[in-house]
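Student: Take a look at query_15.csv, CSV, C-alpha atoms:
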chain,number,residue,atom,x,y,z
G,1,MET,CA,0.0,0.0,0.0
G,2,SER,CA,1.4,3.4,-1.0
G,3,ASP,CA,2.2,6.1,1.5
G,4,ALA,CA,-0.5,8.3,-0.2
G,5,THR,CA,-3.2,5.7,0.3
G,6,THR,CA,-2.2,5.1,3.9
G,7,GLU,CA,-2.4,8.8,4.5
G,8,VAL,CA,-5.9,9.1,3.0
G,9,LEU,CA,-7.2,6.0,4.8
G,10,THR,CA,-6.0,7.5,8.1
G,11,PHE,CA,-7.7,10.8,7.3
G,12,LEU,CA,-11.0,9.2,6.4
G,13,LYS,CA,-11.0,7.1,9.6
G,14,GLU,CA,-10.7,10.2,11.8
G,15,LYS,CA,-13.4,12.8,12.5
G,16,PRO,CA,-12.3,16.2,11.2
G,17,LYS,CA,-11.1,18.5,13.9
G,18,GLN,CA,-12.9,21.5,12.5
G,19,GLU,CA,-15.9,22.1,10.4
G,20,LEU,CA,-15.2,23.3,6.8
G,21,GLN,CA,-17.3,26.0,5.3
G,22,VAL,CA,-17.3,26.4,1.6
G,23,VAL,CA,-19.1,28.8,-0.8
G,24,VAL,CA,-19.8,27.6,-4.3
G,25,MET,CA,-21.0,29.8,-7.2
G,26,PRO,CA,-22.8,30.4,-9.5
G,27,ASP,CA,-24.5,27.7,-11.6
G,28,PHE,CA,-27.3,25.2,-11.3
G,29,PHE,CA,-28.6,23.2,-14.3
G,30,LEU,CA,-31.5,20.9,-14.7
G,31,ASP,CA,-29.7,18.0,-16.3
G,32,ARG,CA,-30.9,15.2,-18.4
G,33,ILE,CA,-28.3,12.5,-19.1
G,34,ILE,CA,-29.0,10.4,-22.2
G,35,ASN,CA,-26.8,7.3,-22.3
G,36,LEU,CA,-26.8,6.3,-26.0
G,37,ASN,CA,-24.4,3.4,-25.5
G,38,CYS,CA,-23.2,3.7,-29.1
G,39,THR,CA,-20.7,5.6,-31.1
G,40,ALA,CA,-21.4,9.0,-32.8
G,41,THR,CA,-21.4,7.2,-36.1
G,42,ASP,CA,-24.0,4.7,-35.0
G,43,PHE,CA,-26.1,7.5,-33.6
G,44,HIS,CA,-25.9,9.5,-36.8
G,45,SER,CA,-27.2,6.4,-38.7
G,46,LEU,CA,-30.0,6.0,-36.2
G,47,ILE,CA,-31.1,9.6,-36.5
G,48,THR,CA,-30.8,9.6,-40.3
G,49,GLY,CA,-33.1,6.5,-40.5
G,50,ILE,CA,-35.7,8.2,-38.3
G,51,LEU,CA,-35.6,11.4,-40.4
G,52,GLN,CA,-35.9,9.4,-43.6
G,53,ARG,CA,-39.2,8.0,-42.4
G,54,LYS,CA,-40.3,11.5,-41.6
G,55,GLY,CA,-40.0,11.2,-37.8
G,56,GLY,CA,-40.7,8.7,-35.1
G,57,SER,CA,-39.5,7.2,-31.8
G,58,GLN,CA,-36.6,5.2,-30.7
G,59,ASP,CA,-37.2,3.2,-27.6
G,60,GLY,CA,-34.6,1.7,-25.2
G,61,ILE,CA,-32.6,5.0,-24.7
G,62,GLN,CA,-31.6,5.2,-21.0
G,63,GLN,CA,-32.2,8.7,-19.6
G,64,THR,CA,-31.7,10.2,-16.1
G,65,ASP,CA,-32.7,13.5,-14.6
G,66,LEU,CA,-30.1,14.8,-12.2
G,67,ARG,CA,-29.1,17.9,-10.4
G,68,GLY,CA,-26.5,19.6,-12.6
G,69,GLY,CA,-24.2,22.5,-12.9
G,70,ASN,CA,-20.6,22.5,-11.7
G,71,ALA,CA,-21.3,24.5,-8.5
G,72,VAL,CA,-24.3,22.4,-7.4
G,73,ASN,CA,-22.5,19.1,-8.3
G,74,VAL,CA,-19.5,20.2,-6.2
G,75,ALA,CA,-21.8,21.2,-3.4
G,76,SER,CA,-23.5,17.8,-3.4
G,77,ALA,CA,-20.1,16.0,-3.4
G,78,LEU,CA,-18.8,18.2,-0.6
G,79,ALA,CA,-21.9,17.8,1.5
G,80,ALA,CA,-21.6,14.0,1.2
G,81,LEU,CA,-18.1,14.4,2.7
G,82,GLY,CA,-19.5,16.3,5.7
G,83,VAL,CA,-18.7,19.8,4.5
G,84,LYS,CA,-21.0,22.8,5.2
G,85,VAL,CA,-21.8,24.3,1.8
G,86,THR,CA,-23.5,27.5,0.9
G,87,PRO,CA,-24.4,27.8,-2.8
G,88,ILE,CA,-24.8,31.4,-4.2
G,89,LEU,CA,-26.4,30.9,-7.5
G,90,CYS,CA,-29.4,31.7,-9.7
G,91,THR,CA,-32.3,29.5,-11.0
G,92,SER,CA,-36.1,29.7,-11.6
G,93,LYS,CA,-38.8,29.1,-9.0
G,94,PHE,CA,-39.1,25.6,-10.3
G,95,GLY,CA,-35.3,25.2,-10.1
G,96,LEU,CA,-35.4,26.2,-6.5
G,97,GLN,CA,-37.9,23.5,-5.7
G,98,GLN,CA,-35.7,21.0,-7.5
G,99,LEU,CA,-32.7,22.1,-5.5
G,100,ARG,CA,-34.5,21.7,-2.2
G,101,TYR,CA,-35.5,18.2,-3.2
G,102,PHE,CA,-32.0,17.3,-4.3
G,103,PHE,CA,-30.5,18.6,-1.0
G,104,ARG,CA,-33.3,17.3,1.2
G,105,LYS,CA,-30.9,14.9,3.0
G,106,ASN,CA,-27.9,17.3,3.1
G,107,THR,CA,-27.0,20.2,5.3
G,108,VAL,CA,-26.8,22.7,2.4
G,109,ASP,CA,-27.8,26.3,3.0
G,110,THR,CA,-30.2,27.3,0.2
G,111,SER,CA,-31.0,30.7,1.5
G,112,HIS,CA,-28.6,32.5,-0.8
G,113,ILE,CA,-30.2,31.3,-4.1
G,114,LYS,CA,-31.5,34.0,-6.4
G,115,ILE,CA,-34.8,33.6,-8.3
G,116,PHE,CA,-34.5,34.5,-12.0
G,117,PRO,CA,-37.0,34.1,-14.8
G,118,ASN,CA,-35.3,31.2,-16.6
G,119,ALA,CA,-33.6,28.1,-15.3
G,120,SER,CA,-30.4,26.7,-16.8
G,121,VAL,CA,-30.9,23.4,-18.6
G,122,THR,CA,-28.5,20.8,-20.1
G,123,THR,CA,-29.1,17.7,-22.2
G,124,ALA,CA,-26.0,15.6,-22.1
G,125,LEU,CA,-25.5,12.9,-24.8
G,126,GLU,CA,-23.1,10.2,-23.7
G,127,PHE,CA,-21.3,8.3,-26.5
G,128,GLN,CA,-19.0,5.4,-26.6
G,129,THR,CA,-15.5,6.2,-28.0
G,130,ALA,CA,-12.2,4.4,-28.2
G,131,ASN,CA,-11.2,6.2,-25.0
G,132,GLY,CA,-14.4,5.3,-23.1
G,133,LYS,CA,-17.5,7.4,-22.5
G,134,THR,CA,-17.5,10.9,-23.8
G,135,ASN,CA,-20.3,13.5,-23.5
G,136,VAL,CA,-21.7,16.2,-25.7
G,137,MET,CA,-23.6,18.8,-23.6
G,138,LEU,CA,-26.4,20.7,-25.2
G,139,ARG,CA,-27.0,23.7,-23.0
G,140,ASP,CA,-29.5,26.5,-22.5
G,141,VAL,CA,-27.7,28.7,-19.9
G,142,GLY,CA,-30.9,30.6,-19.2
G,143,SER,CA,-30.6,33.5,-16.7
G,144,LEU,CA,-27.1,32.4,-15.7
G,145,ALA,CA,-25.9,34.5,-18.6
G,146,GLU,CA,-27.0,37.6,-16.8
G,147,PHE,CA,-25.6,36.7,-13.3
G,148,GLY,CA,-22.9,39.0,-12.0
G,149,PRO,CA,-21.6,40.8,-8.9
G,150,ALA,CA,-24.5,43.3,-8.9
G,151,HIS,CA,-26.7,40.4,-7.8
G,152,LEU,CA,-24.8,39.8,-4.6
G,153,THR,CA,-26.3,41.1,-1.4
G,154,ASP,CA,-24.7,42.2,1.9
G,155,ASP,CA,-25.6,38.8,3.3
G,156,ASP,CA,-23.9,37.1,0.4
G,157,TRP,CA,-20.7,39.1,1.0
G,158,SER,CA,-20.8,38.3,4.7
G,159,ILE,CA,-20.8,34.5,4.0
G,160,ILE,CA,-18.2,34.9,1.4
G,161,GLU,CA,-15.9,36.7,3.8
G,162,LEU,CA,-16.4,34.0,6.5
G,163,ALA,CA,-15.9,31.0,4.2
G,164,ASP,CA,-12.8,28.8,4.3
G,165,TYR,CA,-13.0,28.3,0.5
G,166,VAL,CA,-14.8,30.4,-2.1
G,167,CYS,CA,-15.2,28.5,-5.3
G,168,LEU,CA,-16.3,29.8,-8.7
G,169,PHE,CA,-17.3,27.5,-11.6
G,170,ASN,CA,-18.6,27.6,-15.1
G,171,TRP,CA,-17.1,30.9,-16.2
G,172,ALA,CA,-18.3,30.4,-19.7
G,173,GLY,CA,-21.9,30.0,-18.6
G,174,THR,CA,-21.9,33.5,-17.0
G,175,GLN,CA,-21.6,34.9,-20.5
G,176,LYS,CA,-21.9,38.7,-19.8
G,177,TYR,CA,-20.3,39.2,-16.4
G,178,GLY,CA,-18.3,36.0,-15.7
G,179,THR,CA,-14.9,37.8,-15.6
G,180,GLU,CA,-16.3,40.6,-13.5
G,181,LEU,CA,-17.8,38.1,-11.1
G,182,ALA,CA,-14.6,36.3,-10.6
G,183,GLU,CA,-12.5,39.5,-10.4
G,184,THR,CA,-14.9,41.1,-7.8
G,185,VAL,CA,-15.4,38.0,-5.6
G,186,PHE,CA,-11.8,36.8,-5.5
G,187,ARG,CA,-10.6,40.4,-4.8
G,188,ARG,CA,-13.1,40.6,-1.9
G,189,VAL,CA,-11.9,37.3,-0.4
G,190,LYS,CA,-8.3,38.5,-0.6
G,191,THR,CA,-9.0,42.0,0.9
G,192,ALA,CA,-11.7,41.2,3.5
G,193,GLY,CA,-12.1,37.5,3.8
G,194,LYS,CA,-10.1,34.7,5.4
G,195,GLY,CA,-10.4,31.8,2.9
G,196,LYS,CA,-8.8,30.4,-0.2
G,197,THR,CA,-10.0,31.0,-3.7
G,198,TYR,CA,-10.7,28.1,-6.1
G,199,PHE,CA,-11.5,28.5,-9.8
G,200,ALA,CA,-12.7,25.8,-12.2
G,201,THR,CA,-13.8,27.7,-15.3
G,202,ALA,CA,-15.2,24.6,-17.2
G,203,ASP,CA,-14.8,24.6,-21.0
G,204,PRO,CA,-14.1,28.2,-21.9
G,205,THR,CA,-14.7,27.7,-25.6
G,206,PRO,CA,-18.3,29.1,-25.7
G,207,ASN,CA,-16.9,32.4,-24.4
G,208,LYS,CA,-13.5,32.2,-26.1
G,209,THR,CA,-13.4,35.9,-27.2
G,210,PHE,CA,-13.2,36.9,-23.6
G,211,ILE,CA,-10.4,34.5,-22.6
G,212,PRO,CA,-7.7,37.2,-23.0
G,213,LYS,CA,-9.6,39.4,-20.6
G,214,LEU,CA,-10.0,36.6,-18.1
G,215,LEU,CA,-6.3,35.8,-18.2
G,216,LYS,CA,-5.4,39.5,-17.6
G,217,ASN,CA,-7.9,40.4,-15.0
G,218,VAL,CA,-8.2,37.1,-13.0
G,219,LEU,CA,-5.9,34.3,-13.9
G,220,ARG,CA,-2.6,36.3,-14.0
G,221,THR,CA,-3.4,38.0,-10.7
G,222,SER,CA,-2.5,36.8,-7.2
G,223,ASN,CA,-6.2,36.5,-6.3
G,224,VAL,CA,-6.6,32.8,-7.5
G,225,ASP,CA,-5.1,30.3,-5.1
G,226,VAL,CA,-6.0,27.1,-7.0
G,227,LEU,CA,-6.9,26.8,-10.7
G,228,SER,CA,-8.5,23.4,-11.5
G,229,LEU,CA,-8.6,22.2,-15.1
G,230,ASN,CA,-9.2,19.2,-17.3
G,231,GLU,CA,-6.9,18.4,-20.2
G,232,ASN,CA,-8.9,20.3,-22.7
G,233,GLU,CA,-9.1,23.4,-20.6
G,234,THR,CA,-5.3,23.1,-19.8
G,235,LEU,CA,-4.4,23.2,-23.5
G,236,ILE,CA,-6.8,26.1,-24.3
G,237,TYR,CA,-5.3,28.4,-21.6
G,238,ALA,CA,-1.7,27.3,-22.2
G,239,SER,CA,-2.1,27.9,-25.9
G,240,MET,CA,-2.9,31.5,-25.2
G,241,LEU,CA,0.5,31.8,-23.5
G,242,ASP,CA,2.5,29.6,-25.8
G,243,SER,CA,1.5,29.4,-29.5
G,244,SER,CA,3.4,26.2,-30.0
G,245,ILE,CA,0.8,24.3,-27.9
G,246,GLY,CA,-2.0,25.3,-30.2
G,247,LYS,CA,-0.2,23.7,-33.2
G,248,LYS,CA,0.0,20.4,-31.3
G,249,GLN,CA,-3.5,20.2,-29.8
G,250,GLY,CA,-4.7,17.7,-32.3
G,251,ALA,CA,-2.2,15.2,-31.0
G,252,LEU,CA,-3.3,15.1,-27.3
G,253,SER,CA,-0.7,13.3,-25.2
G,254,ASP,CA,0.3,13.1,-21.6
G,255,LYS,CA,3.6,14.8,-22.5
G,256,LEU,CA,1.7,17.7,-24.0
G,257,ILE,CA,-0.4,18.1,-20.9
G,258,LEU,CA,2.7,18.1,-18.7
G,259,TYR,CA,4.3,20.7,-20.9
G,260,ALA,CA,1.1,22.8,-20.9
G,261,ALA,CA,1.1,22.6,-17.1
G,262,GLU,CA,4.7,23.9,-17.0
G,263,VAL,CA,3.6,26.9,-19.2
G,264,LEU,CA,0.7,27.7,-16.9
G,265,ALA,CA,2.8,27.4,-13.8
G,266,ASP,CA,5.4,29.7,-15.3
G,267,ASN,CA,2.9,32.4,-16.2
G,268,LEU,CA,0.2,32.2,-13.4
G,269,LYS,CA,0.5,32.6,-9.7
G,270,ALA,CA,-2.1,30.0,-8.8
G,271,ARG,CA,-1.3,26.4,-8.0
G,272,ILE,CA,-2.2,24.4,-11.1
G,273,ASP,CA,-4.3,21.2,-10.5
G,274,ILE,CA,-5.2,19.1,-13.5
G,275,HIS,CA,-7.4,16.0,-13.8
G,276,THR,CA,-7.4,13.8,-16.9
G,277,THR,CA,-9.0,10.5,-17.8
G,278,SER,CA,-5.7,8.7,-17.0
G,279,PHE,CA,-4.0,10.7,-14.2
G,280,SER,CA,-4.2,13.9,-12.1
G,281,LEU,CA,-1.4,16.3,-11.3
G,282,THR,CA,-0.6,19.3,-9.2
G,283,LYS,CA,2.0,21.9,-10.3
G,284,THR,CA,3.7,24.5,-8.3
G,285,ASP,CA,6.8,26.5,-9.1
G,286,ASN,CA,9.4,23.8,-8.8
G,287,ARG,CA,7.4,20.6,-8.3
G,288,THR,CA,5.1,18.4,-10.2
G,289,VAL,CA,3.2,15.4,-8.7
G,290,THR,CA,1.2,13.0,-10.7
G,291,ILE,CA,-1.1,10.2,-9.5
G,292,PRO,CA,-2.8,7.7,-11.9
G,293,ALA,CA,-6.5,7.5,-12.1
G,294,PHE,CA,-8.3,4.5,-10.7
G,295,GLU,CA,-9.5,1.8,-13.2
G,296,VAL,CA,-13.2,1.3,-12.6
G,297,ASP,CA,-16.3,0.5,-14.6
G,298,ILE,CA,-17.3,3.9,-16.0
G,299,LEU,CA,-21.1,4.2,-15.9
G,300,ARG,CA,-21.4,7.9,-16.9
G,301,ALA,CA,-19.2,10.6,-18.5
G,302,THR,CA,-20.8,13.6,-16.8
G,303,GLY,CA,-19.8,15.1,-13.4
G,304,ALA,CA,-16.4,13.4,-12.9
G,305,GLY,CA,-14.6,16.8,-12.7
G,306,ASP,CA,-17.0,18.1,-10.1
G,307,ALA,CA,-16.5,15.1,-7.8
G,308,TRP,CA,-12.8,15.4,-8.3
G,309,ASP,CA,-12.9,19.1,-7.3
G,310,ALA,CA,-14.7,18.2,-4.1
G,311,GLY,CA,-12.1,15.7,-3.1
G,312,ASN,CA,-9.4,18.1,-4.1
G,313,ILE,CA,-10.8,20.9,-1.9
G,314,VAL,CA,-11.3,18.6,1.1
G,315,GLY,CA,-7.8,17.2,0.8
G,316,ASP,CA,-6.3,20.7,0.5
G,317,ALA,CA,-8.4,22.0,3.4
G,318,TYR,CA,-7.2,19.3,5.9
G,319,GLY,CA,-3.6,19.5,4.9
G,320,LEU,CA,-3.1,16.3,3.0
G,321,SER,CA,0.2,16.0,1.1
G,322,ASP,CA,0.0,16.6,-2.7
G,323,GLU,CA,0.0,12.8,-3.2
G,324,GLY,CA,-2.7,12.2,-0.6
G,325,ARG,CA,-4.8,15.1,-1.9
G,326,LEU,CA,-4.7,13.8,-5.5
G,327,THR,CA,-5.4,10.3,-4.4
G,328,LEU,CA,-8.5,11.5,-2.4
G,329,ALA,CA,-9.7,13.5,-5.4
G,330,ASN,CA,-9.2,10.6,-7.8
G,331,ALA,CA,-11.0,8.2,-5.5
G,332,THR,CA,-14.0,10.6,-5.1
G,333,ALA,CA,-14.3,10.9,-8.9
G,334,ALA,CA,-13.9,7.1,-9.4
G,335,CYS,CA,-16.6,6.3,-6.8
G,336,TYR,CA,-19.0,8.7,-8.4
G,337,LEU,CA,-18.4,7.5,-11.9
G,338,SER,CA,-18.9,3.8,-11.0
G,339,ASP,CA,-21.9,4.3,-8.7
G,340,PRO,CA,-25.1,2.9,-10.4
G,341,LYS,CA,-27.2,5.7,-8.9
G,342,ALA,CA,-24.8,8.6,-9.4
G,343,VAL,CA,-24.5,9.1,-5.7
G,344,HIS,CA,-21.5,11.1,-4.4
G,345,PRO,CA,-19.4,9.1,-1.9
G,346,SER,CA,-19.3,9.6,1.8
G,347,ARG,CA,-16.1,9.2,3.8
G,348,LEU,CA,-17.1,5.7,4.7
G,349,THR,CA,-17.7,4.8,1.0
G,350,LEU,CA,-14.3,6.2,0.1
G,351,LEU,CA,-12.7,4.2,2.9
G,352,HIS,CA,-14.2,1.0,1.6
G,353,PHE,CA,-13.3,1.9,-2.0
G,354,LEU,CA,-9.6,2.6,-1.2
G,355,LYS,CA,-9.3,-0.6,0.8
G,356,ILE,CA,-10.4,-2.5,-2.3
G,357,HIS,CA,-8.5,-0.5,-5.0
G,358,HIS,CA,-5.4,0.6,-3.1
G,359,SER,CA,-3.2,-1.7,-5.3
G,360,GLN,CA,-3.9,0.7,-8.3
G,361,ILE,CA,-1.9,3.5,-6.6
G,362,PHE,CA,1.6,3.4,-7.8
G,363,LYS,CA,4.5,5.5,-6.7
G,364,SER,CA,3.9,9.1,-7.7
G,365,SER,CA,6.2,10.8,-10.2
G,366,ARG,CA,7.9,14.1,-9.4
G,367,VAL,CA,9.3,16.2,-12.1
Would you mind writing the file out in structure tokens?
Tutor:
Amino acid sequence: MSDATTEVLTFLKEKPKQELQVVVMPDFFLDRIINLNCTATDFHSLITGILQRKGGSQDGIQQTDLRGGNAVNVASALAALGVKVTPILCTSKFGLQQLRYFFRKNTVDTSHIKIFPNASVTTALEFQTANGKTNVMLRDVGSLAEFGPAHLTDDDWSIIELADYVCLFNWAGTQKYGTELAETVFRRVKTAGKGKTYFATADPTPNKTFIPKLLKNVLRTSNVDVLSLNENETLIYASMLDSSIGKKQGALSDKLILYAAEVLADNLKARIDIHTTSFSLTKTDNRTVTIPAFEVDILRATGAGDAWDAGNIVGDAYGLSDEGRLTLANATAACYLSDPKAVHPSRLTLLHFLKIHHSQIFKSSRV
């Protein structure tokens, strides 16, 4: 058993010495997950056949309605690990009722949720590919596009200042004021708050014209403590700082991800944390730690990054080593992806999982 696994097992067996308070912002989506269990080519043939007969139905398509949105998914995963979570986000009246239903068994404070005219809705199509399940997310961001710092009240600012972690997600979904929201909230934390700032932008492509502004006003400042990315996001941001990466993006490889992480660490002040389908890594000025992902039966392609972020935040908050923190994050994601009911794991669930899968953790590599 590796030192990292032993560290995490010890942590999970002990009751936390202090309660962790986390604020998550700003998105909640009503999600429908459509598990097509076929390739994109097969799906194209299926749809073409239906269109040629002028419409019709296709039975046997597994579908699931879930709580969605990066902030809410992270809130759910954190709450399952015993963290006190306050979401500050917007949705419709119907969306609020859905949220209260989703969190009926958790101690999540829903008093800071804003009621807007339109909810955010996602339909995620999950396909089989050579690299496993991959999703295509069809989104209607609804009123999230309008959400910005002007919607935050004095009560919101008070909870932000008191939080141990203030986490912003889905920058691209806050289409009009996403950069201003991150800039304003993170600056407030650094000037009047006590906690750490955590930024996971999600895929920035839908808002790509504003990426340079995001880099200048947020990512290149000292107001972001942790920048959490997947491989696609890593390459997008790194290519803005090193043009050679953009020319190589078609040939995605672990070496390219490692190089892109170096570029980001050299240009940004935040710690760079990256999760991929095969490994996760953390990069600071002079040290890179990588931990392989767990091999489990993947039952869904949506939400892995959110579960990973929750484990990463908890591991960071309670002072686990880089190796331990990444192991906890990987285990949290793997448990969620392999759970038949898409339930985020508790500490006890993670404890059992690691006892069974500990042999998959190899010696971490340091570069």
Student: Could you pull the residues within 12 Å of Gly60 in chain G, counting only C-alpha atoms, minus those fewer than 3 positions along the same chain, as a list in words?
Tutor: Ile34, Asn35, Leu36, Asn37, Ser57 and Gln63 of chain G
Student: Dump C-alpha atoms for the selected residues as a JSON list (two decimals), in the coordinates of the input?
Tutor:
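Final output, saved to result.json:
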[["chain", "number", "residue", "atom", "x", "y", "z"],
["G", 34, "ILE", "CA", -29.00, 10.40, -22.20],
["G", 35, "ASN", "CA", -26.80, 7.30, -22.30],
["G", 36, "LEU", "CA", -26.80, 6.30, -26.00],
["G", 37, "ASN", "CA", -24.40, 3.40, -25.50],
["G", 57, "SER", "CA", -39.50, 7.20, -31.80],
["G", 63, "GLN", "CA", -32.20, 8.70, -19.60]]
Student: Give me, as JSON lines, the closest atom pair and its distance (Å, one decimal) for every residue of range 44-152 of chain G within a cut-off of 12 Å of range 317-333 of chain G, counting all atoms listed in the file, rows sorted by chain and rising number.
Tutor:
{"residue": "G:Asn73", "atom": "CA", "partner": "G:Ala333", "partner_atom": "CA", "distance": 11.6}
{"residue": "G:Val74", "atom": "CA", "partner": "G:Ala333", "partner_atom": "CA", "distance": 11.0}
{"residue": "G:Ala77", "atom": "CA", "partner": "G:Thr332", "partner_atom": "CA", "distance": 8.3}
{"residue": "G:Leu78", "atom": "CA", "partner": "G:Thr332", "partner_atom": "CA", "distance": 10.1}
{"residue": "G:Ala80", "atom": "CA", "partner": "G:Thr332", "partner_atom": "CA", "distance": 10.4}
{"residue": "G:Leu81", "atom": "CA", "partner": "G:Thr332", "partner_atom": "CA", "distance": 9.6}
{"residue": "G:Val83", "atom": "CA", "partner": "G:Ala317", "partner_atom": "CA", "distance": 10.6}
Student: Take the residues from that selection and write them out as a tab-separated table (two decimals), in the coordinates of the input, keeping C-alpha atoms.
Tutor:
chain	number	residue	atom	x	y	z
G	73	ASN	CA	-22.50	19.10	-8.30
G	74	VAL	CA	-19.50	20.20	-6.20
G	77	ALA	CA	-20.10	16.00	-3.40
G	78	LEU	CA	-18.80	18.20	-0.60
G	80	ALA	CA	-21.60	14.00	1.20
G	81	LEU	CA	-18.10	14.40	2.70
G	83	VAL	CA	-18.70	19.80	4.50
Student: For Gln128 in chain G, which of G:Leu66, G:Ile113, G:Leu299, G:Gln21 is the closest residue, counting only C-alpha atoms?
Tutor: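 The closest residue to Gln128 in chain G is G:Leu299.
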Student: Within 12 Å of (-29.6, 16.0, -24.4) (coordinates as in the file), grab all the protein and nucleic acid residues, counting all atoms listed in the file, and write them out as a list in words.
Tutor: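 I get Leu30, Asp31, Arg32, Ile33, Ile34, Asn35, Leu36, Ile61, Gln62, Gln63, Thr64, Asp65, Val121, Thr122, Thr123, Ala124, Leu125, Glu126, Phe127, Asn135, Val136, Met137, Leu138, Arg139, Asp140 and Thr302 of chain G for the residues within 12 Å of that point.
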Student: Hey, which of G:Gln97, G:Thr39, G:Gln18, G:Thr205 ends up closest to Lys84 in chain G? Count all atoms listed in the file.
Tutor: G:Gln18
Student: Using only C-alpha atoms, determine which residues lie at most 10 Å from range 232-244 of chain G, disregarding the query and same-chain residues fewer than 4 positions distant; provide the list as a ChimeraX atom specification.
Tutor: /G:200-205,208,211-212,215,219,227-228,248-249,252,256-267,272-276
Student: CA of Lys15 in chain G and CA of Leu337 in chain G, how far apart in Å?
Tutor: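 Taking CA of Leu337 in chain G as the start and CA of Lys15 in chain G as the end point, the length is 25.5 Å.
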Student: Between CA of Leu12 in chain G and CA of Ser280 in chain G, what is the spacing in Å?
Tutor: 20.3 Å
Student: With only C-alpha atoms as the atoms that count, which of G:Ser120, G:Thr129, G:Thr6, G:Ser76 lies nearest to Ser346 in chain G?
Tutor: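 Going through G:Ser120, G:Thr129, G:Thr6, G:Ser76 one by one, the smallest distance to Ser346 in chain G is for G:Ser76.
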Student: Counting all atoms listed in the file, which residue out of G:Leu350, G:Leu9, G:Met25, G:Leu46 sits closest to Gly178 in chain G?
Tutor: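 Smallest distance to Gly178 in chain G is found for G:Met25.
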Student: Between G:Lys341, G:His112, G:Lys133, G:Lys105, which residue has the minimum interatomic distance to Thr91 in chain G, considering all atoms listed in the file?
Tutor: G:His112
Student: Take the point (-11.5, 39.0, -7.0) as written in the file and pick out every residue within 9 Å of it, counting all atoms listed in the file; give the list as an mmCIF file with C-alpha atoms, keeping the file's coordinate frame.
Tutor:
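Result file is selection-v1.cif:
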data_model
loop_
_atom_site.group_PDB
_atom_site.id
_atom_site.type_symbol
_atom_site.label_atom_id
_atom_site.label_comp_id
_atom_site.auth_asym_id
_atom_site.auth_seq_id
_atom_site.Cartn_x
_atom_site.Cartn_y
_atom_site.Cartn_z
ATOM 1 C CA GLU G 180 -16.300 40.600 -13.500
ATOM 2 C CA LEU G 181 -17.800 38.100 -11.100
ATOM 3 C CA ALA G 182 -14.600 36.300 -10.600
ATOM 4 C CA GLU G 183 -12.500 39.500 -10.400
ATOM 5 C CA THR G 184 -14.900 41.100 -7.800
ATOM 6 C CA VAL G 185 -15.400 38.000 -5.600
ATOM 7 C CA PHE G 186 -11.800 36.800 -5.500
ATOM 8 C CA ARG G 187 -10.600 40.400 -4.800
ATOM 9 C CA ARG G 188 -13.100 40.600 -1.900
ATOM 10 C CA VAL G 189 -11.900 37.300 -0.400
ATOM 11 C CA LYS G 190 -8.300 38.500 -0.600
ATOM 12 C CA THR G 191 -9.000 42.000 0.900
ATOM 13 C CA THR G 197 -10.000 31.000 -3.700
ATOM 14 C CA ASN G 217 -7.900 40.400 -15.000
ATOM 15 C CA VAL G 218 -8.200 37.100 -13.000
ATOM 16 C CA THR G 221 -3.400 38.000 -10.700
ATOM 17 C CA ASN G 223 -6.200 36.500 -6.300
ATOM 18 C CA VAL G 224 -6.600 32.800 -7.500
#
Student: Find the distance between CA of Pro87 in chain G and CA of Asn106 in chain G and write it in Å to one decimal.
Tutor: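 Computing the Euclidean distance for CA of Pro87 in chain G and CA of Asn106 in chain G yields 12.5 Å.
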Student: Just checking: using all atoms listed in the file, which residue out of G:Ser111, G:Asn70, G:Asn230, G:Ser158 ends up closest to Ile88 in chain G?
Tutor: G:Ser111
Student: Got a sec: who's within 12 Å of Ala71 in chain G, counting only C-alpha atoms, leaving out chain neighbours fewer than 4 positions off, as number ranges by chain?
Tutor: G: 22-29, 67, 75-78, 85-90, 166-171, 173, 198-202, 303, 305-307, 309-310
Student: Within 9 Å of Gln175 in chain G, counting all atoms listed in the file, which residues show up once you throw out same-chain ones fewer than 5 positions away? Write them as a compact mmCIF listing (two decimals) with C-alpha atoms, in the frame of the given file, please.
Tutor:
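Heads up, here's the output in out09.txt:
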# COMPACT_ATOMS: atom_id res chain seq x y z
CA VAL G 141 -27.70 28.70 -19.90
CA LEU G 144 -27.10 32.40 -15.70
CA ALA G 145 -25.90 34.50 -18.60
CA GLU G 146 -27.00 37.60 -16.80
CA PHE G 147 -25.60 36.70 -13.30
CA PRO G 206 -18.30 29.10 -25.70
CA ASN G 207 -16.90 32.40 -24.40
